[in-house]
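Colleague: Sharing a structure, written as structure tokens. Questions coming.
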Amino acid sequence: MRRPFPPLLLGLALLAVPAASRAQVPTETRPAGPPPRLSPAPEPPDLPKVRTDNVPTACTVPDELRDLAFTLPRLSMLLREKQPVRILAIGSSSTAGIGASAPQRAYPPRLETALKRLLPGADITVRNDGIGGEVASTTLLRLRSAVDSWAPDVVIWQLGTNDALQGITAEAFSRVMRDGIGFVQERGRDLLIIDPQFFPNIPQQDLYMTFVQSVDRVAVERRAPLMRRYAIMRYWAALPQPVPMLSEDGFHMNDLGYQCMAEVLASGMARLVTRPVRAEARQLEPAR
């Protein structure tokens, strides 16, 4: 048995009051095997046009790192029909905003601001349900409750870091992830995954990478859009003159890190709903 790593700094939950449920929209039917390679569909004329201005220079990443791979059909439908959109951001300290100077500088509030800027006229609410230190199985219990009570249109699930550092096996973690994705998709809601973060002093790098790769693999298997946060943060850290994205503890993100996380995610989501395509599964390659 692997020895667990020391527990992480716990954050505070940001609670929100449940609202009324709305009708569900069926999700895409998952194929039995790998998804086929299909040509992009033409851009529909009735979706809002994405704006790409006002993004901080430090947040820049290559287009391939903005690619979320799969569609957000419910979000696209609600935007076409000019309906309000509820987004549930759930996860651990990266969602709660540990390391930020104030709660409003965590990534979920910044995501709401960025999406409203990128999609003018959209009525979007992002609820922050992050609790620092949680492993995926604990978050899943709260996710089930929040989806049933608040009925979000989109769930953004940030996971993996604490499981890797607290001795959870990759197999058990993957089972939890599959259960959570299935739960959300079966209820006709969109689900978007955020994989583990990069930080310079990752202990047992090979073990940590099995979790990064597990998240990528399960997301492709279940056709869930994925923000490749590990690759994005590693790209920023490898720049010739990197801008600090981490707080003083060298682990949690700082204000700029959360802002850039929100900007990159918002850009990827906006591209999906303004230029929807039948995405093909990416070939998984071990991170280097």
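Chain identifiers are assigned as A, B, and so on, following the order in which chains appear in the structure tokens; residues are numbered from 1 within each chain, and ligands are numbered from 1 in order of appearance.
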If you count only C-alpha atoms, which residues fall within 10 Å of Leu141 (chain A), apart from same-chain ones fewer than 5 positions away, as a VMD selection string?
Modeller: chain A and resid 136 146 180
Colleague: As a list of chain:residue names, which residues of region 102-253 of chain A does DSSP assign to strand (DSSP E or B)?
Modeller: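 Taking region 102-253 of chain A and keeping strand (DSSP E or B) only, one gets A:Ile124, A:Thr125, A:Val126, A:Arg127, A:Asn128, A:Asp129, A:Gly130, A:Val154, A:Val155, A:Ile156, A:Trp157, A:Gln158, A:Asp190, A:Leu191, A:Leu192, A:Ile193, A:Ile194, A:Leu226, A:Met227, A:Leu246, A:Met253.
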Colleague: Which of region 98-193 of chain A counts as alpha helix (DSSP H) under DSSP, as an MDAnalysis selection string please?
Modeller: chainID A and resid 107:118 136:150 161:165 170:186
Colleague: Could you check how far CA of Val220 (chain A) sits from CA of Gln204 (chain A), in Å to one decimal?
Modeller: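 It comes out at 25.2 Å.
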Colleague: CA of Met253 (chain A) and CA of Ala58 (chain A), how far apart in Å?
Modeller: 14.0 Å
Colleague: Let me make sure I understand: among A:Asp129, A:Asp206, A:Glu81, A:Glu186, which one has the smallest atom-to-atom distance to Pro103 (chain A) if we use only C-alpha atoms?
Modeller: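 Of A:Asp129, A:Asp206, A:Glu81, A:Glu186, the one nearest Pro103 (chain A) is A:Asp129, counting only C-alpha atoms.
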Colleague: Between A:Ala122, A:Val135, A:Leu115, A:Met233, which has the minimum distance to Phe251 (chain A) (counting only C-alpha atoms)?
Modeller: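 Going through A:Ala122, A:Val135, A:Leu115, A:Met233 one by one, the smallest distance to Phe251 (chain A) is for A:Met233.
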Colleague: Report the distance between CA of Leu143 (chain A) and CA of Lys116 (chain A) in Å, rounded to one decimal place.
Modeller: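 Separation of CA of Leu143 (chain A) and CA of Lys116 (chain A): 24.5 Å.
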Colleague: Between A:Leu119, A:Leu226, A:Leu65, A:Leu111, which has the minimum distance to Arg80 (chain A) (counting only C-alpha atoms)?
Modeller: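 Smallest separation from Arg80 (chain A) among the options: A:Leu119.
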Colleague: Considering only C-alpha atoms, state which residue in the set A:Thr138, A:Thr161, A:Ser145, A:Gln166 is at the smallest distance from Ser94 (chain A).
Modeller: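 Looking at the shortest contact to Ser94 (chain A), the residue is A:Thr161.
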Colleague: Give me the residues near Gly130 (chain A) as an mmCIF file with C-alpha atoms, in the first residue's frame, where near means some atom within 12 Å (using only C-alpha atoms) and where sequence neighbours in that chain fewer than 3 positions away do not count.
Modeller:
```
data_model
loop_
_atom_site.group_PDB
_atom_site.id
_atom_site.type_symbol
_atom_site.label_atom_id
_atom_site.label_comp_id
_atom_site.auth_asym_id
_atom_site.auth_seq_id
_atom_site.Cartn_x
_atom_site.Cartn_y
_atom_site.Cartn_z
ATOM 1 C CA LEU A 10 -8.378 22.919 3.943
ATOM 2 C CA GLY A 11 -10.476 25.741 2.496
ATOM 3 C CA LEU A 12 -13.884 27.115 3.312
ATOM 4 C CA ALA A 13 -16.998 26.169 1.367
ATOM 5 C CA LEU A 14 -18.890 28.898 -0.383
ATOM 6 C CA LEU A 15 -22.569 28.013 -0.047
ATOM 7 C CA ALA A 16 -25.423 28.981 -2.313
ATOM 8 C CA LEU A 88 -22.175 24.733 -10.792
ATOM 9 C CA ALA A 89 -18.420 24.891 -10.131
ATOM 10 C CA ILE A 90 -17.544 22.127 -7.692
ATOM 11 C CA GLY A 91 -14.262 20.719 -6.441
ATOM 12 C CA SER A 92 -11.580 21.348 -3.847
ATOM 13 C CA SER A 93 -9.255 24.257 -3.013
ATOM 14 C CA SER A 94 -8.773 25.343 -6.640
ATOM 15 C CA THR A 95 -12.527 25.906 -6.823
ATOM 16 C CA ALA A 96 -12.919 27.365 -3.332
ATOM 17 C CA GLY A 97 -10.150 29.831 -4.151
ATOM 18 C CA ILE A 98 -7.543 29.053 -1.493
ATOM 19 C CA PRO A 103 -13.491 35.108 -2.404
ATOM 20 C CA ALA A 106 -11.463 32.688 -7.052
ATOM 21 C CA TYR A 107 -11.938 31.200 -10.511
ATOM 22 C CA PRO A 108 -15.772 30.687 -10.447
ATOM 23 C CA PRO A 109 -16.700 34.386 -9.961
ATOM 24 C CA VAL A 126 -21.803 30.572 -11.692
ATOM 25 C CA ARG A 127 -22.162 29.070 -8.198
ATOM 26 C CA GLY A 133 -8.898 19.346 0.734
ATOM 27 C CA GLU A 134 -11.674 17.136 -0.624
ATOM 28 C CA VAL A 135 -11.041 13.948 -2.572
ATOM 29 C CA ALA A 136 -13.328 13.094 -5.494
ATOM 30 C CA THR A 138 -16.405 13.226 -0.998
ATOM 31 C CA THR A 139 -17.088 15.869 -3.628
ATOM 32 C CA LEU A 140 -19.303 13.420 -5.520
ATOM 33 C CA ARG A 142 -22.127 17.010 -2.640
ATOM 34 C CA LEU A 143 -22.317 17.044 -6.428
ATOM 35 C CA ALA A 146 -26.424 20.040 -5.647
ATOM 36 C CA ILE A 156 -17.718 21.979 -13.844
ATOM 37 C CA TRP A 157 -15.942 19.331 -11.770
ATOM 38 C CA GLN A 158 -12.344 20.062 -10.719
ATOM 39 C CA LEU A 159 -10.718 16.933 -9.312
#
```
Colleague: From the options A:Thr113, A:Thr71, A:Ser101, A:Gln185, which residue's atoms come nearest to Ser247 (chain A), counting only C-alpha atoms?
Modeller: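 Distance minimum relative to Ser247 (chain A) lands on A:Ser101.
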